[in-house]
Amino acid sequence: MKFLRTPTDRFKNLPDYRFKENYVQFREMQMHYVDEGAGEIILALHGEPSWSYLYRKFIPTLKNYRFIAPDFFGFGKSDKPINWRDYNYQFHLDSLHNFCEKLDLKEITLVVQDWGGLLGLGYLGQYPERFKRVVILNTFLPIGKKLKLPFKIWQLFSRYHPSLPISGIIKYASHGKLSKEVLAAYDAPYPNRKFKAGAKAFPNLVPSNPKDPAVSYMLKAREVLATWQKPALVLFSDKDKVLGGLDRFFRKLMPAAREQQTLMIKNAGHFLQEEKGEEIATYIDAFIKGELEI
């Protein structure tokens, strides 16, 4: 598997992102992660086409925890296989398992969004004993049903665009205006189109038929979450043009979520961590402490 490594100077002086670099090895490649603080473990997983930069606003508020945010392969500071066909669900799931094993992560509070949900909840379905709580943000668990036309168009766009406009995607899916510096930070991992195979692949990995290999993991995740007796928090945003309204799926599926009143993050788009990071982190802190009143 041929891969590229983003030059380190691409990450100099990013706004509010001055965290120590950490790496684990997987198939001769380096997987980068943020690992800040000490205490109960929070594992935060990003989606498409973001990276651990998305979670930078959580860390000051959650300073009394061990906050861990990896970059999936193809994203952020992690290595990037150059052939988009090298990316598949099993590859990403295996790399996540390797990550949790290498760091010996247990009693985890899992935070997921977008593709972080498909992978993180898929992994939780396989190893529920590793997890203590779950926080679900703007994501879904597709099981191979026919995809709607707008998503099919997005798949074709991502697959055939000569060089995906990473920051343009972040900007489009956001509700508020993002600064040029922040948008540039989302472009930082990608010096040119050869580095973007992971971002190109993710939309096309969403299961579009019941025989997709990922569907068995989605079904197992649904099965585990349907009987989930541990704490669960569902936090979606009200301006999500991508997955808006799917919070109802998780509230209906999960007994722990059904016990909550509906809590919605106001005036935030798909990447709610970017627009309302401090607010969400405050909710997560109260949730872990058992003090969340909703």
# chains A, B, ... in the order shown; residues from 1 in each chain; ligands from 1
>>> residues_around(residues="Pro231 in chain A", least_positions_apart="3", cutoff="12 Å", atoms="only C-alpha atoms", output="list in words")
Ile108, Thr109, Leu110, Phe131, Lys132, Arg133, Val134, Val135, Ile136, Leu225, Thr227, Trp228, Val234, Met254, Pro255, Ala256, Ala257, Arg258, Glu259, Gln260, Ile284, Phe287, Ile288, Lys289, Gly290 and Leu292 of chain A
>>> select_by_dssp(residues="range 90-260 of chain A", states="alpha helix (DSSP H)", output="PyMOL selection string")
chain A and resi 90-103+115-126+149-160+166-173+180-187+197-201+215-226+247-253+255-258
>>> residues_around(residues="range 18-28 of chain A", least_positions_apart="4", cutoff="9 Å", atoms="only C-alpha atoms", output="JSON list (two decimals) with all heavy atoms, in the first residue's frame")
[["chain", "number", "residue", "atom", "x", "y", "z"],
["A", 1, "MET", "N", 0.85, -1.19, 0.00],
["A", 1, "MET", "CA", 0.00, 0.00, 0.00],
["A", 1, "MET", "C", 0.89, 1.25, 0.00],
["A", 1, "MET", "O", 1.59, 1.51, 0.97],
["A", 1, "MET", "CB", -0.93, 0.00, 1.22],
["A", 1, "MET", "CG", -1.98, 1.11, 1.21],
["A", 1, "MET", "SD", -3.05, 1.07, 2.68],
["A", 1, "MET", "CE", -3.94, -0.46, 2.42],
["A", 12, "LYS", "N", 1.94, 24.33, 10.80],
["A", 12, "LYS", "CA", 2.47, 25.39, 11.66],
["A", 12, "LYS", "C", 1.42, 26.49, 11.86],
["A", 12, "LYS", "O", 0.73, 26.88, 10.92],
["A", 12, "LYS", "CB", 3.73, 26.00, 11.04],
["A", 12, "LYS", "CG", 4.95, 25.10, 11.13],
["A", 12, "LYS", "CD", 6.18, 25.81, 10.57],
["A", 12, "LYS", "CE", 7.42, 24.93, 10.70],
["A", 12, "LYS", "NZ", 8.62, 25.60, 10.14],
["A", 13, "ASN", "N", 1.32, 26.96, 13.09],
["A", 13, "ASN", "CA", 0.50, 28.13, 13.43],
["A", 13, "ASN", "C", -0.98, 27.98, 13.09],
["A", 13, "ASN", "O", -1.64, 28.96, 12.70],
["A", 13, "ASN", "CB", 1.07, 29.38, 12.74],
["A", 13, "ASN", "CG", 2.51, 29.64, 13.11],
["A", 13, "ASN", "OD1", 2.89, 29.53, 14.27],
["A", 13, "ASN", "ND2", 3.32, 29.98, 12.12],
["A", 14, "LEU", "N", -1.51, 26.79, 13.27],
["A", 14, "LEU", "CA", -2.95, 26.61, 13.08],
["A", 14, "LEU", "C", -3.69, 27.23, 14.26],
["A", 14, "LEU", "O", -3.26, 27.10, 15.41],
["A", 14, "LEU", "CB", -3.31, 25.13, 12.99],
["A", 14, "LEU", "CG", -2.70, 24.34, 11.83],
["A", 14, "LEU", "CD1", -3.25, 22.92, 11.84],
["A", 14, "LEU", "CD2", -2.93, 25.00, 10.50],
["A", 32, "HIS", "N", -1.88, 9.41, 13.56],
["A", 32, "HIS", "CA", -1.68, 10.51, 14.51],
["A", 32, "HIS", "C", -2.88, 10.64, 15.44],
["A", 32, "HIS", "O", -4.01, 10.34, 15.07],
["A", 32, "HIS", "CB", -1.49, 11.83, 13.75],
["A", 32, "HIS", "CG", -1.59, 13.03, 14.64],
["A", 32, "HIS", "ND1", -2.75, 13.78, 14.78],
["A", 32, "HIS", "CD2", -0.66, 13.62, 15.45],
["A", 32, "HIS", "CE1", -2.53, 14.77, 15.63],
["A", 32, "HIS", "NE2", -1.29, 14.69, 16.05],
["A", 33, "TYR", "N", -2.60, 11.10, 16.66],
["A", 33, "TYR", "CA", -3.69, 11.39, 17.57],
["A", 33, "TYR", "C", -3.30, 12.47, 18.57],
["A", 33, "TYR", "O", -2.13, 12.64, 18.93],
["A", 33, "TYR", "CB", -4.14, 10.14, 18.33],
["A", 33, "TYR", "CG", -3.12, 9.49, 19.24],
["A", 33, "TYR", "CD1", -3.16, 9.68, 20.62],
["A", 33, "TYR", "CD2", -2.12, 8.66, 18.74],
["A", 33, "TYR", "CE1", -2.24, 9.08, 21.47],
["A", 33, "TYR", "CE2", -1.20, 8.05, 19.57],
["A", 33, "TYR", "CZ", -1.27, 8.27, 20.94],
["A", 33, "TYR", "OH", -0.35, 7.66, 21.78],
["A", 34, "VAL", "N", -4.30, 13.21, 19.02],
["A", 34, "VAL", "CA", -4.18, 14.15, 20.12],
["A", 34, "VAL", "C", -4.45, 13.39, 21.40],
["A", 34, "VAL", "O", -5.37, 12.57, 21.47],
["A", 34, "VAL", "CB", -5.19, 15.32, 19.96],
["A", 34, "VAL", "CG1", -5.22, 16.18, 21.20],
["A", 34, "VAL", "CG2", -4.85, 16.15, 18.73],
["A", 35, "ASP", "N", -3.66, 13.65, 22.44],
["A", 35, "ASP", "CA", -3.82, 12.96, 23.72],
["A", 35, "ASP", "C", -3.49, 13.97, 24.81],
["A", 35, "ASP", "O", -2.33, 14.17, 25.16],
["A", 35, "ASP", "CB", -2.89, 11.75, 23.79],
["A", 35, "ASP", "CG", -3.20, 10.83, 24.97],
["A", 35, "ASP", "OD1", -3.90, 11.27, 25.90],
["A", 35, "ASP", "OD2", -2.73, 9.67, 24.94],
["A", 36, "GLU", "N", -4.52, 14.63, 25.34],
["A", 36, "GLU", "CA", -4.34, 15.73, 26.28],
["A", 36, "GLU", "C", -5.04, 15.45, 27.59],
["A", 36, "GLU", "O", -6.15, 14.91, 27.62],
["A", 36, "GLU", "CB", -4.89, 17.03, 25.68],
["A", 36, "GLU", "CG", -4.17, 17.50, 24.42],
["A", 36, "GLU", "CD", -2.78, 18.05, 24.71],
["A", 36, "GLU", "OE1", -2.63, 18.79, 25.71],
["A", 36, "GLU", "OE2", -1.85, 17.75, 23.94],
["A", 56, "ARG", "N", -10.69, 20.70, 18.71],
["A", 56, "ARG", "CA", -9.77, 21.54, 19.50],
["A", 56, "ARG", "C", -10.49, 22.36, 20.57],
["A", 56, "ARG", "O", -9.93, 22.61, 21.64],
["A", 56, "ARG", "CB", -8.98, 22.46, 18.58],
["A", 56, "ARG", "CG", -9.81, 23.57, 17.95],
["A", 56, "ARG", "CD", -9.11, 24.26, 16.80],
["A", 56, "ARG", "NE", -9.92, 25.36, 16.27],
["A", 56, "ARG", "CZ", -10.98, 25.21, 15.49],
["A", 56, "ARG", "NH1", -11.37, 23.99, 15.13],
["A", 56, "ARG", "NH2", -11.66, 26.25, 15.06],
["A", 70, "PRO", "N", -8.02, 10.78, 17.48],
["A", 70, "PRO", "CA", -7.14, 10.34, 16.38],
["A", 70, "PRO", "C", -7.57, 10.93, 15.05],
["A", 70, "PRO", "O", -8.70, 11.40, 14.88],
["A", 70, "PRO", "CB", -7.35, 8.82, 16.39],
["A", 70, "PRO", "CG", -8.75, 8.64, 16.87],
["A", 70, "PRO", "CD", -9.00, 9.75, 17.85],
["A", 77, "LYS", "N", -3.00, 14.54, 10.32],
["A", 77, "LYS", "CA", -1.57, 14.27, 10.35],
["A", 77, "LYS", "C", -1.24, 12.79, 10.16],
["A", 77, "LYS", "O", -0.07, 12.41, 10.19],
["A", 77, "LYS", "CB", -0.97, 14.76, 11.68],
["A", 77, "LYS", "CG", -1.06, 16.28, 11.87],
["A", 77, "LYS", "CD", -0.36, 16.73, 13.15],
["A", 77, "LYS", "CE", -0.40, 18.23, 13.31],
["A", 77, "LYS", "NZ", 0.34, 18.69, 14.51],
["A", 78, "SER", "N", -2.27, 11.96, 9.99],
["A", 78, "SER", "CA", -2.02, 10.54, 9.73],
["A", 78, "SER", "C", -1.58, 10.34, 8.28],
["A", 78, "SER", "O", -1.83, 11.18, 7.41],
["A", 78, "SER", "CB", -3.29, 9.72, 9.99],
["A", 78, "SER", "OG", -3.58, 9.69, 11.38],
["A", 95, "SER", "N", -7.88, -0.38, 11.74],
["A", 95, "SER", "CA", -6.94, 0.63, 12.24],
["A", 95, "SER", "C", -7.43, 1.23, 13.56],
["A", 95, "SER", "O", -6.63, 1.54, 14.44],
["A", 95, "SER", "CB", -6.71, 1.73, 11.20],
["A", 95, "SER", "OG", -7.87, 2.53, 11.01],
["A", 98, "ASN", "N", -6.71, -1.43, 16.20],
["A", 98, "ASN", "CA", -5.28, -1.37, 16.49],
["A", 98, "ASN", "C", -4.96, -0.20, 17.41],
["A", 98, "ASN", "O", -4.18, -0.33, 18.36],
["A", 98, "ASN", "CB", -4.49, -1.23, 15.18],
["A", 98, "ASN", "CG", -3.01, -1.02, 15.40],
["A", 98, "ASN", "OD1", -2.27, -1.94, 15.73],
["A", 98, "ASN", "ND2", -2.54, 0.21, 15.19],
["A", 99, "PHE", "N", -5.59, 0.93, 17.14],
["A", 99, "PHE", "CA", -5.38, 2.14, 17.95],
["A", 99, "PHE", "C", -5.80, 1.90, 19.40],
["A", 99, "PHE", "O", -5.05, 2.19, 20.34],
["A", 99, "PHE", "CB", -6.17, 3.29, 17.33],
["A", 99, "PHE", "CG", -6.04, 4.59, 18.07],
["A", 99, "PHE", "CD1", -4.94, 5.41, 17.88],
["A", 99, "PHE", "CD2", -7.03, 5.02, 18.94],
["A", 99, "PHE", "CE1", -4.82, 6.62, 18.56],
["A", 99, "PHE", "CE2", -6.93, 6.21, 19.62],
["A", 99, "PHE", "CZ", -5.81, 7.02, 19.43],
["A", 102, "LYS", "N", -3.39, -0.64, 21.07],
["A", 102, "LYS", "CA", -2.06, -0.10, 21.36],
["A", 102, "LYS", "C", -2.09, 0.83, 22.57],
["A", 102, "LYS", "O", -1.16, 0.85, 23.37],
["A", 102, "LYS", "CB", -1.53, 0.66, 20.13],
["A", 102, "LYS", "CG", -1.19, -0.24, 18.93],
["A", 102, "LYS", "CD", 0.16, -0.91, 19.09],
["A", 102, "LYS", "CE", 0.49, -1.80, 17.89],
["A", 102, "LYS", "NZ", 0.70, -1.05, 16.64],
["A", 103, "LEU", "N", -3.17, 1.61, 22.70],
["A", 103, "LEU", "CA", -3.27, 2.54, 23.82],
["A", 103, "LEU", "C", -3.95, 1.91, 25.04],
["A", 103, "LEU", "O", -4.06, 2.55, 26.08],
["A", 103, "LEU", "CB", -4.04, 3.80, 23.41],
["A", 103, "LEU", "CG", -3.20, 4.94, 22.81],
["A", 103, "LEU", "CD1", -2.57, 4.52, 21.49],
["A", 103, "LEU", "CD2", -4.03, 6.20, 22.62]]
>>> residues_around(residues="Ala221 in chain A", least_positions_apart="5", cutoff="12 Å", atoms="only C-alpha atoms", output="list in words")
Gly117, Leu118, Leu119, Gly120, Leu121, Gly122, Tyr123, Leu124, Gly125, Gln126, Tyr127, Pro128, Phe140, Leu141, Pro142, Ile143, Ala214, Val215, Ser216, Ala226, Thr227, Trp228, Phe250, Leu253 and Met254 of chain A
>>> closest_residue(among="A:Val112, A:Leu137, A:Leu183, A:Ile41", to="His270 in chain A", atoms="only C-alpha atoms")
A:Leu137
>>> atom_distance(atom1="CA of Leu219 in chain A", atom2="CA of Thr139 in chain A")
14.9 Å
>>> closest_residue(among="A:Gly37, A:Gly168, A:Pro189, A:Pro150", to="Leu243 in chain A", atoms="only C-alpha atoms")
A:Pro150
>>> residues_around(residues="His161 in chain A", least_positions_apart="4", cutoff="12 Å", atoms="only C-alpha atoms", output="ChimeraX atom specification")
/A:153-157,165-166,193,196-197,199-201
>>> write_last_selection(atoms="C-alpha atoms", output="compact mmCIF listing (two decimals), in the first residue's frame")
# COMPACT_ATOMS: atom_id res chain seq x y z
CA ILE A 153 -24.80 13.31 -6.30
CA TRP A 154 -22.40 13.90 -3.40
CA GLN A 155 -20.87 10.46 -4.00
CA LEU A 156 -20.34 11.21 -7.68
CA PHE A 157 -18.95 14.65 -6.90
CA PRO A 165 -12.34 21.41 -2.24
CA ILE A 166 -11.92 20.35 1.40
CA ARG A 193 -4.93 16.24 -4.85
CA LYS A 196 -7.06 13.49 -0.87
CA ALA A 197 -7.80 9.83 -1.63
CA ALA A 199 -11.62 12.19 1.56
CA LYS A 200 -12.57 10.99 -1.91
CA ALA A 201 -13.30 7.47 -0.67
>>> residues_around(residues="Leu263 in chain A", least_positions_apart="6", cutoff="12 Å", atoms="only C-alpha atoms", output="PyMOL selection string")
chain A and resi 136-137+233-238+247-248+251+257+280+283+292-294
>>> atom_distance(atom1="CA of Asp79 in chain A", atom2="CA of Lys106 in chain A")
25.4 Å
